[in-house]
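Text of protein_22.csv (CSV, C-alpha atoms and all ligand atoms) as supplied:
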chain,number,residue,atom,x,y,z
M,1,MET,CA,-18.6,-13.7,-19.0
M,2,THR,CA,-15.0,-13.2,-20.1
M,3,GLU,CA,-13.2,-16.2,-21.6
M,4,ILE,CA,-9.7,-16.2,-20.1
M,5,VAL,CA,-6.8,-18.0,-21.8
M,6,SER,CA,-3.4,-18.0,-20.1
M,7,GLY,CA,0.0,-19.6,-20.4
M,8,ALA,CA,3.6,-19.3,-21.2
M,9,ASP,CA,3.3,-20.5,-24.8
M,10,ILE,CA,0.1,-19.1,-26.2
M,11,ILE,CA,1.5,-16.7,-28.9
M,12,SER,CA,-1.0,-18.1,-31.4
M,13,ASP,CA,-3.9,-16.9,-29.2
M,14,VAL,CA,-2.3,-13.5,-29.0
M,15,ILE,CA,-1.9,-13.3,-32.7
M,16,SER,CA,-5.5,-14.3,-33.3
M,17,ALA,CA,-6.7,-11.7,-30.8
M,18,VAL,CA,-4.8,-9.1,-32.7
M,19,HIS,CA,-5.8,-10.3,-36.2
M,20,GLY,CA,-9.4,-10.9,-35.3
M,21,SER,CA,-10.1,-7.4,-34.2
M,22,ALA,CA,-11.1,-4.2,-36.1
M,23,MET,CA,-8.5,-2.1,-34.3
M,24,VAL,CA,-5.7,-2.6,-31.9
M,25,ILE,CA,-4.8,0.0,-29.3
M,26,THR,CA,-1.4,-0.1,-27.6
M,27,ASP,CA,1.1,2.3,-26.0
M,28,SER,CA,4.3,3.7,-27.3
M,29,ASN,CA,6.6,1.3,-25.3
M,30,VAL,CA,4.7,-1.8,-26.2
M,31,ALA,CA,4.6,-0.7,-29.9
M,32,ARG,CA,8.4,-0.3,-29.8
M,33,LEU,CA,9.0,-3.7,-28.0
M,34,TYR,CA,6.5,-5.7,-30.1
M,35,PRO,CA,6.4,-4.1,-33.6
M,36,GLN,CA,5.0,-7.2,-35.3
M,37,LEU,CA,2.0,-7.4,-33.0
M,38,THR,CA,1.2,-3.8,-33.2
M,39,GLU,CA,1.9,-3.0,-36.8
M,40,ASN,CA,-1.3,-1.2,-37.6
M,41,ALA,CA,-2.2,-0.3,-34.0
M,42,PHE,CA,-3.4,3.1,-32.7
M,43,VAL,CA,-0.6,4.1,-30.3
M,44,ILE,CA,-1.2,6.2,-27.2
M,45,PRO,CA,1.7,7.7,-25.2
M,46,ALA,CA,2.8,5.2,-22.5
M,47,GLY,CA,2.0,5.8,-18.9
M,48,GLU,CA,-0.8,6.9,-16.5
M,49,ARG,CA,-1.0,10.4,-18.0
M,50,SER,CA,-2.7,8.9,-21.0
M,51,LYS,CA,-5.6,7.8,-18.9
M,52,ASN,CA,-7.6,10.9,-19.6
M,53,LYS,CA,-10.7,12.1,-21.5
M,54,ASP,CA,-8.6,13.6,-24.4
M,55,VAL,CA,-6.9,10.3,-25.2
M,56,LEU,CA,-10.2,8.5,-24.7
M,57,PHE,CA,-11.8,10.7,-27.4
M,58,ASP,CA,-8.8,10.3,-29.7
M,59,ILE,CA,-9.4,6.5,-29.5
M,60,LEU,CA,-13.1,7.0,-30.2
M,61,SER,CA,-12.4,9.3,-33.2
M,62,GLU,CA,-9.9,6.8,-34.5
M,63,MET,CA,-12.5,4.0,-34.2
M,64,SER,CA,-14.8,6.1,-36.3
M,65,HIS,CA,-12.1,7.0,-38.9
M,66,ARG,CA,-11.3,3.3,-39.2
M,67,ASN,CA,-15.0,2.6,-39.7
M,68,VAL,CA,-15.3,0.2,-36.7
M,69,ARG,CA,-18.8,-1.3,-36.7
M,70,ARG,CA,-21.1,-2.4,-34.0
M,71,GLY,CA,-20.4,-6.1,-34.5
M,72,ASP,CA,-16.6,-5.5,-34.4
M,73,ALA,CA,-14.2,-6.0,-31.5
M,74,VAL,CA,-11.2,-3.9,-30.6
M,75,THR,CA,-8.2,-5.2,-28.8
M,76,ALA,CA,-6.0,-3.7,-26.1
M,77,VAL,CA,-2.4,-4.8,-26.2
M,78,GLY,CA,-0.7,-3.3,-23.1
M,79,GLY,CA,-0.8,-2.8,-19.4
M,80,GLY,CA,-3.6,-1.5,-17.2
M,81,VAL,CA,-3.6,1.9,-18.7
M,82,VAL,CA,-4.2,0.6,-22.3
M,83,GLY,CA,-6.7,-2.0,-21.0
M,84,ASP,CA,-8.7,0.5,-18.9
M,85,ILE,CA,-9.0,3.2,-21.5
M,86,THR,CA,-9.7,0.8,-24.4
M,87,GLY,CA,-12.4,-1.0,-22.4
M,88,LEU,CA,-14.0,2.4,-21.7
M,89,ALA,CA,-13.8,3.4,-25.3
M,90,ALA,CA,-15.4,0.0,-26.3
M,91,ALA,CA,-18.2,0.6,-23.7
M,92,LEU,CA,-19.0,4.0,-25.2
M,93,TYR,CA,-18.5,3.5,-28.9
M,94,MET,CA,-21.9,3.0,-30.6
M,95,ARG,CA,-23.3,2.3,-27.1
M,96,GLY,CA,-20.9,-0.7,-26.7
M,97,ILE,CA,-18.8,-3.0,-28.9
M,98,ASP,CA,-16.8,-6.0,-27.9
M,99,PHE,CA,-13.2,-5.7,-26.6
M,100,ILE,CA,-10.4,-8.2,-26.2
M,101,ASN,CA,-7.7,-7.6,-23.6
M,102,VAL,CA,-4.1,-8.8,-24.1
M,103,PRO,CA,-2.4,-7.7,-20.8
M,104,THR,CA,1.3,-7.2,-21.1
M,105,THR,CA,2.4,-6.2,-17.6
M,106,LEU,CA,2.4,-8.3,-14.4
M,107,LEU,CA,-0.2,-6.0,-12.9
M,108,SER,CA,-2.6,-6.3,-15.8
M,109,MET,CA,-2.2,-10.1,-15.9
M,110,VAL,CA,-3.1,-10.5,-12.2
M,111,ASP,CA,-5.6,-7.7,-11.9
M,112,SER,CA,-6.8,-5.2,-14.4
M,113,GLY,CA,-7.0,-7.6,-17.3
M,114,ILE,CA,-9.8,-9.5,-15.5
M,115,GLY,CA,-13.0,-8.1,-14.3
M,116,GLY,CA,-14.1,-5.4,-16.7
M,117,LYS,CA,-13.5,-2.3,-14.6
M,118,THR,CA,-12.6,0.4,-17.2
M,119,ALA,CA,-11.9,4.1,-16.5
M,120,VAL,CA,-10.1,7.3,-17.1
M,121,ASN,CA,-8.9,9.8,-14.5
M,122,HIS,CA,-10.6,13.2,-14.3
M,123,CYS,CA,-10.5,16.3,-12.1
M,124,GLY,CA,-7.4,14.9,-10.3
M,125,ILE,CA,-9.4,11.9,-9.2
M,126,LYS,CA,-8.4,8.4,-10.2
M,127,ASN,CA,-10.8,6.4,-12.3
M,128,LEU,CA,-13.6,9.1,-11.9
M,129,ILE,CA,-15.2,8.3,-15.3
M,130,GLY,CA,-15.7,4.7,-16.1
M,131,ALA,CA,-17.9,1.7,-16.8
M,132,PHE,CA,-18.1,-2.0,-16.1
M,133,LYS,CA,-17.3,-3.5,-19.5
M,134,PRO,CA,-16.0,-7.1,-19.2
M,135,PRO,CA,-13.7,-8.1,-22.1
M,136,LEU,CA,-15.1,-10.7,-24.4
M,137,ARG,CA,-11.7,-12.5,-24.0
M,138,THR,CA,-8.6,-11.9,-22.0
M,139,VAL,CA,-5.4,-13.5,-23.4
M,140,ILE,CA,-2.6,-13.6,-20.8
M,141,SER,CA,0.7,-14.6,-22.3
M,142,TYR,CA,3.5,-14.8,-19.8
M,143,ALA,CA,6.0,-14.2,-22.6
M,144,PHE,CA,5.4,-10.4,-22.2
M,145,LEU,CA,7.0,-10.5,-18.8
M,146,GLU,CA,10.4,-11.0,-20.4
M,147,THR,CA,10.7,-7.4,-21.3
M,148,LEU,CA,9.4,-5.8,-18.1
M,149,ASP,CA,11.8,-3.8,-16.0
M,150,ASP,CA,12.3,-4.1,-12.3
M,151,ARG,CA,10.0,-1.2,-11.6
M,152,GLU,CA,7.1,-2.8,-13.5
M,153,TRP,CA,7.7,-6.1,-11.7
M,154,LEU,CA,7.5,-4.3,-8.4
M,155,CYS,CA,4.3,-2.6,-9.6
M,156,GLY,CA,2.6,-5.9,-10.5
M,157,THR,CA,3.9,-7.4,-7.2
M,158,GLY,CA,1.6,-5.0,-5.3
M,159,GLU,CA,-1.6,-6.2,-6.8
M,160,LEU,CA,-0.4,-9.8,-6.8
M,161,ILE,CA,0.2,-9.7,-3.0
M,162,LYS,CA,-3.1,-8.0,-2.5
M,163,THR,CA,-4.9,-10.8,-4.3
M,164,CYS,CA,-3.1,-13.4,-2.3
M,165,LEU,CA,-4.4,-11.8,0.9
M,166,LEU,CA,-8.0,-12.8,-0.1
M,167,THR,CA,-7.8,-16.5,0.6
M,168,GLU,CA,-6.0,-18.6,3.2
M,169,ASN,CA,-4.6,-20.9,0.5
M,170,ALA,CA,-3.3,-18.1,-1.6
M,171,PHE,CA,-1.6,-16.4,1.4
M,172,GLU,CA,0.2,-19.7,2.2
M,173,ARG,CA,1.1,-20.1,-1.5
M,174,LEU,CA,2.5,-16.5,-1.5
M,175,ASN,CA,4.7,-17.3,1.5
M,176,LEU,CA,5.9,-20.5,-0.2
M,177,LYS,CA,6.8,-18.7,-3.4
M,178,LEU,CA,7.9,-15.4,-2.0
M,179,ASP,CA,11.6,-16.0,-2.6
M,180,GLY,CA,10.8,-17.0,-6.2
M,181,LEU,CA,8.7,-13.9,-6.6
M,182,ILE,CA,11.5,-11.7,-5.5
M,183,LYS,CA,14.0,-13.4,-7.8
M,184,HIS,CA,11.4,-13.4,-10.7
M,185,ASP,CA,11.6,-17.2,-10.9
M,186,ARG,CA,9.4,-18.0,-13.8
M,187,ASN,CA,7.7,-21.1,-12.4
M,188,ASP,CA,6.9,-19.5,-9.1
M,189,VAL,CA,5.6,-16.3,-10.7
M,190,TYR,CA,3.5,-18.3,-13.2
M,191,ASP,CA,2.0,-20.3,-10.4
M,192,LEU,CA,1.1,-17.1,-8.4
M,193,ILE,CA,-0.4,-15.5,-11.6
M,194,GLU,CA,-2.6,-18.5,-12.0
M,195,THR,CA,-3.6,-18.2,-8.4
M,196,CYS,CA,-4.6,-14.6,-8.8
M,197,ILE,CA,-6.5,-15.2,-12.1
M,198,ASP,CA,-8.5,-17.9,-10.3
M,199,ILE,CA,-9.3,-15.7,-7.3
M,200,LYS,CA,-10.1,-12.6,-9.2
M,201,SER,CA,-12.3,-14.4,-11.7
M,202,ARG,CA,-14.3,-16.1,-8.9
M,203,VAL,CA,-14.8,-12.8,-7.1
M,204,VAL,CA,-15.8,-10.9,-10.2
M,205,ARG,CA,-18.2,-13.7,-11.3
M,206,ALA,CA,-19.9,-13.6,-7.9
M,207,ASP,CA,-20.2,-9.8,-7.9
M,208,PRO,CA,-19.6,-8.2,-11.3
M,209,THR,CA,-20.5,-4.6,-10.3
M,210,GLU,CA,-19.0,-4.4,-6.8
M,211,LEU,CA,-22.1,-4.5,-4.8
M,212,ARG,CA,-20.8,-6.8,-2.1
M,213,LEU,CA,-18.0,-9.4,-2.4
M,214,ARG,CA,-15.9,-7.6,-5.0
M,215,LYS,CA,-15.2,-4.8,-2.5
M,216,ILE,CA,-12.5,-7.1,-1.0
M,217,LEU,CA,-10.4,-6.3,-4.1
M,218,ASN,CA,-10.0,-2.8,-2.7
M,219,VAL,CA,-7.6,-3.9,0.1
M,220,GLY,CA,-5.0,-1.1,0.5
M,221,HIS,CA,-6.7,1.0,-2.2
M,222,THR,CA,-8.2,3.8,-0.1
M,223,VAL,CA,-4.8,5.1,1.0
M,224,ALA,CA,-3.2,4.0,-2.3
M,225,HIS,CA,-5.6,6.0,-4.5
M,226,ALA,CA,-5.3,9.0,-2.2
M,227,LEU,CA,-1.4,8.9,-2.3
M,228,GLU,CA,-1.6,8.4,-6.1
M,229,SER,CA,-3.9,11.4,-6.6
M,230,ILE,CA,-1.6,13.5,-4.5
M,231,ASN,CA,1.8,12.4,-5.7
M,232,GLY,CA,1.1,11.5,-9.3
M,233,ASP,CA,3.7,9.5,-11.2
M,234,LYS,CA,6.3,9.6,-8.4
M,235,PHE,CA,5.4,6.0,-7.9
M,236,THR,CA,3.6,3.4,-10.0
M,237,HIS,CA,0.0,2.3,-9.2
M,238,GLY,CA,1.3,-1.0,-7.7
M,239,GLU,CA,3.9,0.8,-5.6
M,240,TYR,CA,1.1,2.9,-4.2
M,241,VAL,CA,-0.9,-0.2,-3.5
M,242,LEU,CA,2.0,-1.6,-1.5
M,243,LYS,CA,2.2,1.6,0.5
M,244,GLY,CA,-1.6,1.6,0.9
M,245,MET,CA,-1.7,-2.0,2.3
M,246,LEU,CA,1.3,-1.3,4.6
M,247,THR,CA,-0.4,1.8,6.0
M,248,GLU,CA,-3.9,0.6,6.2
M,249,CYS,CA,-2.9,-2.6,8.1
M,250,ALA,CA,-0.9,-0.5,10.6
M,251,MET,CA,-3.8,1.9,10.9
M,252,PHE,CA,-6.1,-1.0,12.0
M,253,LYS,CA,-3.6,-3.2,13.8
M,254,ASP,CA,-6.0,-3.5,16.7
M,255,MET,CA,-8.5,-5.3,14.4
M,256,ILE,CA,-6.0,-7.8,12.9
M,257,ASP,CA,-4.9,-11.2,14.2
M,258,PRO,CA,-1.4,-10.4,15.7
M,259,GLU,CA,0.4,-13.3,14.0
M,260,TYR,CA,-1.2,-12.5,10.6
M,261,TYR,CA,-0.4,-8.8,11.1
M,262,ALA,CA,3.3,-9.5,11.7
M,263,ARG,CA,3.5,-11.8,8.6
M,264,MET,CA,1.8,-9.3,6.4
M,265,ILE,CA,3.8,-6.3,7.6
M,266,GLY,CA,7.0,-8.4,7.1
M,267,ILE,CA,6.0,-9.1,3.4
M,268,PHE,CA,5.0,-5.5,2.6
M,269,LYS,CA,8.2,-4.1,4.1
M,270,MET,CA,10.3,-6.3,1.7
M,271,PHE,CA,8.8,-4.3,-1.1
M,272,THR,CA,8.0,-0.8,0.2
M,273,ASP,CA,8.4,2.0,2.8
M,274,PRO,CA,5.7,3.9,4.6
M,275,PRO,CA,4.4,7.0,2.8
M,276,ARG,CA,5.6,10.5,3.6
M,277,THR,CA,2.4,12.3,2.6
M,278,SER,CA,0.7,14.2,5.5
M,279,SER,CA,-2.4,12.8,7.1
M,280,LYS,CA,-4.5,15.9,6.2
M,281,PHE,CA,-3.8,15.6,2.5
M,282,VAL,CA,-4.5,11.9,2.4
M,283,CYS,CA,-7.7,12.3,4.4
M,284,ASP,CA,-9.0,15.1,2.2
M,285,VAL,CA,-8.7,12.8,-0.9
M,286,ALA,CA,-9.8,9.6,0.8
M,287,ALA,CA,-13.0,11.5,1.9
M,288,HIS,CA,-13.9,11.7,-1.8
M,289,ASP,CA,-13.3,8.0,-2.5
M,290,LYS,CA,-15.9,6.3,-4.6
M,291,LYS,CA,-16.2,3.6,-2.0
M,292,ASN,CA,-17.6,5.9,0.6
M,293,VAL,CA,-21.4,5.9,1.0
M,294,ASP,CA,-21.9,8.5,3.7
M,295,ASN,CA,-19.5,11.0,5.4
M,296,ASP,CA,-17.2,8.3,6.7
M,297,ILE,CA,-14.2,6.9,4.9
M,298,ARG,CA,-14.4,3.2,4.0
M,299,LEU,CA,-11.5,0.8,4.0
M,300,MET,CA,-11.2,-2.9,3.3
M,301,ILE,CA,-8.9,-4.5,6.0
M,302,PRO,CA,-7.5,-8.0,5.9
M,303,THR,CA,-8.2,-9.0,9.5
M,304,ASN,CA,-7.1,-12.7,9.3
M,305,LYS,CA,-6.1,-15.2,6.6
M,306,GLY,CA,-8.7,-15.1,3.9
M,307,GLU,CA,-10.9,-12.6,5.9
M,308,VAL,CA,-11.4,-9.0,4.9
M,309,SER,CA,-13.6,-6.6,6.8
M,310,GLU,CA,-15.1,-3.4,5.6
M,311,ILE,CA,-14.3,-0.6,8.1
M,312,SER,CA,-15.8,2.8,8.3
M,313,VAL,CA,-14.2,5.7,10.1
M,314,THR,CA,-14.8,9.5,10.5
M,315,ASN,CA,-12.2,11.9,9.0
M,316,ASP,CA,-10.9,12.6,12.5
M,317,ALA,CA,-10.4,8.9,13.3
M,318,PHE,CA,-8.8,8.4,9.9
M,319,ILE,CA,-6.2,11.2,10.6
M,320,SER,CA,-5.4,10.0,14.0
M,321,ARG,CA,-5.0,6.3,12.9
M,322,TYR,CA,-2.9,7.3,9.9
M,323,GLU,CA,-0.6,9.4,12.1
M,324,SER,CA,-0.3,6.5,14.7
M,325,ALA,CA,0.4,4.1,11.8
M,326,LEU,CA,3.3,6.1,10.5
M,327,LYS,CA,4.8,6.2,14.1
M,328,GLU,CA,4.2,2.4,14.5
M,329,LEU,CA,5.8,1.7,11.1
M,330,LYS,CA,8.9,3.6,12.2
M,331,ARG,CA,9.2,1.3,15.2
M,332,VAL,CA,8.8,-2.1,13.4
D,1,LIG,N1,-9.3,-2.2,-14.3
D,1,LIG,C1,-8.9,-2.7,-13.1
D,1,LIG,O1,-9.6,-3.5,-12.5
D,1,LIG,C2,-7.6,-2.2,-12.6
D,1,LIG,C3,-7.0,-2.9,-11.5
D,1,LIG,C4,-5.7,-2.5,-11.1
D,1,LIG,C5,-5.1,-1.4,-11.7
D,1,LIG,N2,-5.7,-0.8,-12.8
D,1,LIG,C6,-5.1,0.4,-13.5
D,1,LIG,O2,-4.0,-0.2,-14.2
D,1,LIG,C7,-3.0,0.9,-14.4
D,1,LIG,C8,-1.7,0.4,-14.0
D,1,LIG,O3,-1.4,-0.7,-14.9
D,1,LIG,P1,0.1,-1.0,-15.3
D,1,LIG,O4,1.0,-1.1,-14.2
D,1,LIG,O5,0.1,-2.2,-16.2
D,1,LIG,O6,0.5,0.4,-16.1
D,1,LIG,P2,0.8,0.7,-17.6
D,1,LIG,O7,-0.2,0.3,-18.5
D,1,LIG,O8,1.1,2.2,-17.6
D,1,LIG,O9,2.2,-0.1,-17.9
D,1,LIG,C9,3.3,0.2,-17.1
D,1,LIG,C10,4.5,0.5,-18.1
D,1,LIG,O10,4.9,-0.7,-18.6
D,1,LIG,C11,5.1,-0.6,-20.0
D,1,LIG,N3,4.9,-1.9,-20.6
D,1,LIG,C12,3.7,-2.6,-20.8
D,1,LIG,N4,3.9,-3.8,-21.2
D,1,LIG,C13,5.2,-4.0,-21.2
D,1,LIG,C14,6.1,-5.1,-21.5
D,1,LIG,N5,5.6,-6.3,-21.8
D,1,LIG,N6,7.4,-4.9,-21.4
D,1,LIG,C15,7.9,-3.7,-21.0
D,1,LIG,N7,7.2,-2.7,-20.7
D,1,LIG,C16,5.9,-2.8,-20.8
D,1,LIG,C17,4.1,0.4,-20.4
D,1,LIG,O11,4.4,1.0,-21.6
D,1,LIG,C18,4.2,1.4,-19.2
D,1,LIG,O12,5.3,2.3,-19.4
D,1,LIG,C19,-3.5,2.0,-13.5
D,1,LIG,O13,-4.1,3.0,-14.2
D,1,LIG,C20,-4.5,1.4,-12.6
D,1,LIG,O14,-5.5,2.3,-12.1
D,1,LIG,C21,-7.0,-1.2,-13.2
Could you quickly redo this structure as structure tokens?
Ligand SMILES: NC(=O)c1ccc[n+]([C@@H]2O[C@H](COP(=O)([O-])OP(=O)(O)OC[C@H]3O[C@@H](n4cnc5c(N)ncnc54)[C@H](O)[C@@H]3O)[C@@H](O)[C@H]2O)c1
Amino acid sequence: MTEIVSGADIISDVISAVHGSAMVITDSNVARLYPQLTENAFVIPAGERSKNKDVLFDILSEMSHRNVRRGDAVTAVGGGVVGDITGLAAALYMRGIDFINVPTTLLSMVDSGIGGKTAVNHCGIKNLIGAFKPPLRTVISYAFLETLDDREWLCGTGELIKTCLLTENAFERLNLKLDGLIKHDRNDVYDLIETCIDIKSRVVRADPTELRLRKILNVGHTVAHALESINGDKFTHGEYVLKGMLTECAMFKDMIDPEYYARMIGIFKMFTDPPRTSSKFVCDVAAHDKKNVDNDIRLMIPTNKGEVSEISVTNDAFISRYESALKELKRV
């Protein structure tokens, strides 16, 4: 099980995560912003485009050149991209070595830094090649948030809101702290991050390999992953998640408690607009989603506070609901 350390003032934990590992992997932006922490790191180009097999094999080759051994640990210092690819490299190298995750974006603090899903994209499909590889330790220092730009805040906000849909308490907490989240008020944001860490850790502990409960973390993600596969880096992952949640909720409005629906849509619309990608394209990609088990498309829909239902639809039903949702969202 992953040990998670989090706080605003835990720089010594970050330093020991870095110094205690055989190799640090980071990206070009983080290396520029935090040169002392990443002095001897292996630096990959920043951004989603690095999440591919070539960069993965560059990391593995570098591990070999640096003589990383079986008993060693490697440390990811960066956002979800660095964490996902480093975790996968750690899972593969010598059939598995330890890895430590130091998330530096809001998204990676509330989501990807916890839970051990690792992956690279392949054949135009998000996270096609991956493994479950929980970090030995995740060190979440809020100090990294100080250098995030507005876009990356928005990106993290997507996964943060998603996680707050998973329990009734978290949803109420989100509503209470929403203004602070918009203004990046540190206390409110720290409080919401802790809420997300707690929820995600509990879900992952109960179902580490996504056989049952963990599927609830995929709220919004069927449409989000399809939009991301089609539109690439036009938006960030978290922005796609916001669009995904907005669209999927509108697609299944008839299955959601009306008051809860109105509150959720109100929140999503503060941060995003409906997608403009055509139903056919989205359906084609969604039909290949990893979550599908038969010919139908599976989605996780928050139907009431703290309740998420798995819903399965045919491609035709998906297209018709998606088109109706876009019309509905133009109205509200
Ligand atoms: N493993 C999981 O469970 C899981 C969950 C959600 C998302 N993800 C994955 O995470 C990725 C998205 O993560 P992300 O949003 O962190 O992306 P990212 O890693 O690309 O980081 C976003 C940008 O922020 C920069 N950055 C990182 N830390 C910074 C800091 N402290 N200050 C300023 N800039 C900083 C990066 O260089 C990059 O340009 C996607 O690939 C997504 O699929 C994985």
Exercise for review: Could you pull out the residues sitting within 8 Å of ligand LIG 1 (chain D), using all atoms listed in the file, and write them as a PyMOL selection string?
Suggested key: chain M and resi 27-30+33+46-48+51+78-84+103-108+111-120+126-127+143-149+152+155-156+159+236-238
Practice item. May I have the residues within 7 Å of stretch 308-315 of chain M as number ranges by chain, using all atoms listed in the file and disregarding those fewer than 3 positions away in the same chain? Key: M: 216, 283, 296-303, 318-319
Around all listed atoms of stretch 14-19 of chain M, padded 5 Å per side, what centre and edge lengths does the axis-aligned box have in Å to one decimal, as lines of an AutoDock Vina configuration file?
center_x = -4.3
center_y = -11.7
center_z = -32.6
size_x = 14.8
size_y = 15.2
size_z = 17.2
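Closest approach to M:Met109 among M:Phe57, M:Leu88, M:Cys196, M:His65 is made by M:Cys196 (distances from all atoms listed in the file).
For the pair atom CA of M:Ser279 and atom CA of M:Val293, the separation is 21.1 Å.
For the atom pair formed by atom CA of M:Glu210 and atom CA of M:Pro134, the distance is 13.0 Å, given to one decimal.
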Check your understanding: Could you name the residues that touch M:Arg205 at 12 Å or less, counting all atoms listed in the file, but leaving out those on the same chain fewer than 4 positions away, as a ChimeraX atom specification?
Key -> /M:1-3,114-116,134,197-201,209-214
Pull C-alpha atoms from the residues just selected and write them as a compact mmCIF listing (two decimals), in the frame of the given file.
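What follows is the written file part-v2.txt:
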# COMPACT_ATOMS: atom_id res chain seq x y z
CA MET M 1 -18.60 -13.70 -19.00
CA THR M 2 -15.00 -13.20 -20.10
CA GLU M 3 -13.20 -16.20 -21.60
CA ILE M 114 -9.80 -9.50 -15.50
CA GLY M 115 -13.00 -8.10 -14.30
CA GLY M 116 -14.10 -5.40 -16.70
CA PRO M 134 -16.00 -7.10 -19.20
CA ILE M 197 -6.50 -15.20 -12.10
CA ASP M 198 -8.50 -17.90 -10.30
CA ILE M 199 -9.30 -15.70 -7.30
CA LYS M 200 -10.10 -12.60 -9.20
CA SER M 201 -12.30 -14.40 -11.70
CA THR M 209 -20.50 -4.60 -10.30
CA GLU M 210 -19.00 -4.40 -6.80
CA LEU M 211 -22.10 -4.50 -4.80
CA ARG M 212 -20.80 -6.80 -2.10
CA LEU M 213 -18.00 -9.40 -2.40
CA ARG M 214 -15.90 -7.60 -5.00
Point to revise | Spatial neighbours of M:Pro275, 12 Å, only C-alpha atoms, chain gap at least 2 places, as a ChimeraX atom specification | key: /M:223-224,226-228,230-231,234-235,239-248,269,272-273,277-279,281-282,322-323,325-327,329-330
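Residue nearest M:Glu172 within the list M:Arg137, M:Lys305, M:Arg66, M:Arg202: M:Lys305 [criterion: smallest interatomic distance, only C-alpha atoms].
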Check your understanding: Which polymer residues have any atom within 12 Å of an atom of M:Ile182, counting all atoms listed in the file, with same-chain residues fewer than 2 positions away left out, as a list of chain:residue names?
Key -> M:Asp150, M:Trp153, M:Leu154, M:Gly156, M:Thr157, M:Gly158, M:Ile161, M:Leu174, M:Asn175, M:Leu176, M:Lys177, M:Leu178, M:Asp179, M:Gly180, M:His184, M:Asp185, M:Arg186, M:Asp188, M:Val189, M:Ile267, M:Met270, M:Phe271
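For the pair atom CA of M:His225 and atom CA of M:Val332, the interatomic distance is 24.4 Å.
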Check your understanding: Skipping near chain neighbours, those fewer than 4 positions away, what residues fall within 6 Å of M:Thr138 using all atoms listed in the file, listed as a list in words?
Key -> Ile4, Ile100, Asn101 and Val102 of chain M
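Here the question is which of M:Pro208, M:Gly232, M:Gly306, M:Gly220 gets nearest to M:Tyr260 using all atoms listed in the file, and that residue is M:Gly306.
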Please, could N, CA and C atoms be added to stretch 133-146 of chain M and the result written as a PDB file, in the coordinates of the input?
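Here's the written file out05.pdb:
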ATOM      1  N   LYS M 133     -17.197  -3.009 -18.083  1.00  0.00           N
ATOM      2  CA  LYS M 133     -17.300  -3.500 -19.500  1.00  0.00           C
ATOM      3  C   LYS M 133     -16.331  -4.748 -19.523  1.00  0.00           C
ATOM      4  N   PRO M 134     -16.833  -5.899 -19.169  1.00  0.00           N
ATOM      5  CA  PRO M 134     -16.000  -7.100 -19.200  1.00  0.00           C
ATOM      6  C   PRO M 134     -15.477  -7.396 -20.594  1.00  0.00           C
ATOM      7  N   PRO M 135     -14.196  -7.724 -20.751  1.00  0.00           N
ATOM      8  CA  PRO M 135     -13.700  -8.100 -22.100  1.00  0.00           C
ATOM      9  C   PRO M 135     -14.410  -9.381 -22.544  1.00  0.00           C
ATOM     10  N   LEU M 136     -14.554  -9.492 -23.860  1.00  0.00           N
ATOM     11  CA  LEU M 136     -15.100 -10.700 -24.400  1.00  0.00           C
ATOM     12  C   LEU M 136     -14.091 -11.858 -24.109  1.00  0.00           C
ATOM     13  N   ARG M 137     -12.814 -11.538 -24.281  1.00  0.00           N
ATOM     14  CA  ARG M 137     -11.700 -12.500 -24.000  1.00  0.00           C
ATOM     15  C   ARG M 137     -10.529 -11.807 -23.468  1.00  0.00           C
ATOM     16  N   THR M 138      -9.843 -12.468 -22.541  1.00  0.00           N
ATOM     17  CA  THR M 138      -8.600 -11.900 -22.000  1.00  0.00           C
ATOM     18  C   THR M 138      -7.499 -12.995 -22.330  1.00  0.00           C
ATOM     19  N   VAL M 139      -6.460 -12.587 -23.023  1.00  0.00           N
ATOM     20  CA  VAL M 139      -5.400 -13.500 -23.400  1.00  0.00           C
ATOM     21  C   VAL M 139      -4.131 -13.153 -22.680  1.00  0.00           C
ATOM     22  N   ILE M 140      -3.766 -13.990 -21.712  1.00  0.00           N
ATOM     23  CA  ILE M 140      -2.600 -13.600 -20.800  1.00  0.00           C
ATOM     24  C   ILE M 140      -1.428 -14.490 -21.192  1.00  0.00           C
ATOM     25  N   SER M 141      -0.518 -13.886 -21.943  1.00  0.00           N
ATOM     26  CA  SER M 141       0.700 -14.600 -22.300  1.00  0.00           C
ATOM     27  C   SER M 141       1.858 -14.154 -21.464  1.00  0.00           C
ATOM     28  N   TYR M 142       2.400 -15.112 -20.694  1.00  0.00           N
ATOM     29  CA  TYR M 142       3.500 -14.800 -19.800  1.00  0.00           C
ATOM     30  C   TYR M 142       4.752 -14.321 -20.539  1.00  0.00           C
ATOM     31  N   ALA M 143       4.793 -14.581 -21.839  1.00  0.00           N
ATOM     32  CA  ALA M 143       6.000 -14.200 -22.600  1.00  0.00           C
ATOM     33  C   ALA M 143       6.235 -12.690 -22.519  1.00  0.00           C
ATOM     34  N   PHE M 144       5.180 -11.900 -22.336  1.00  0.00           N
ATOM     35  CA  PHE M 144       5.400 -10.400 -22.200  1.00  0.00           C
ATOM     36  C   PHE M 144       6.191 -10.040 -21.017  1.00  0.00           C
ATOM     37  N   LEU M 145       6.221 -10.900 -20.007  1.00  0.00           N
ATOM     38  CA  LEU M 145       7.000 -10.500 -18.800  1.00  0.00           C
ATOM     39  C   LEU M 145       8.454 -10.387 -19.047  1.00  0.00           C
ATOM     40  N   GLU M 146       8.919 -11.034 -20.109  1.00  0.00           N
ATOM     41  CA  GLU M 146      10.400 -11.000 -20.400  1.00  0.00           C
ATOM     42  C   GLU M 146      10.938  -9.634 -20.598  1.00  0.00           C
TER      43      GLU M 146
END
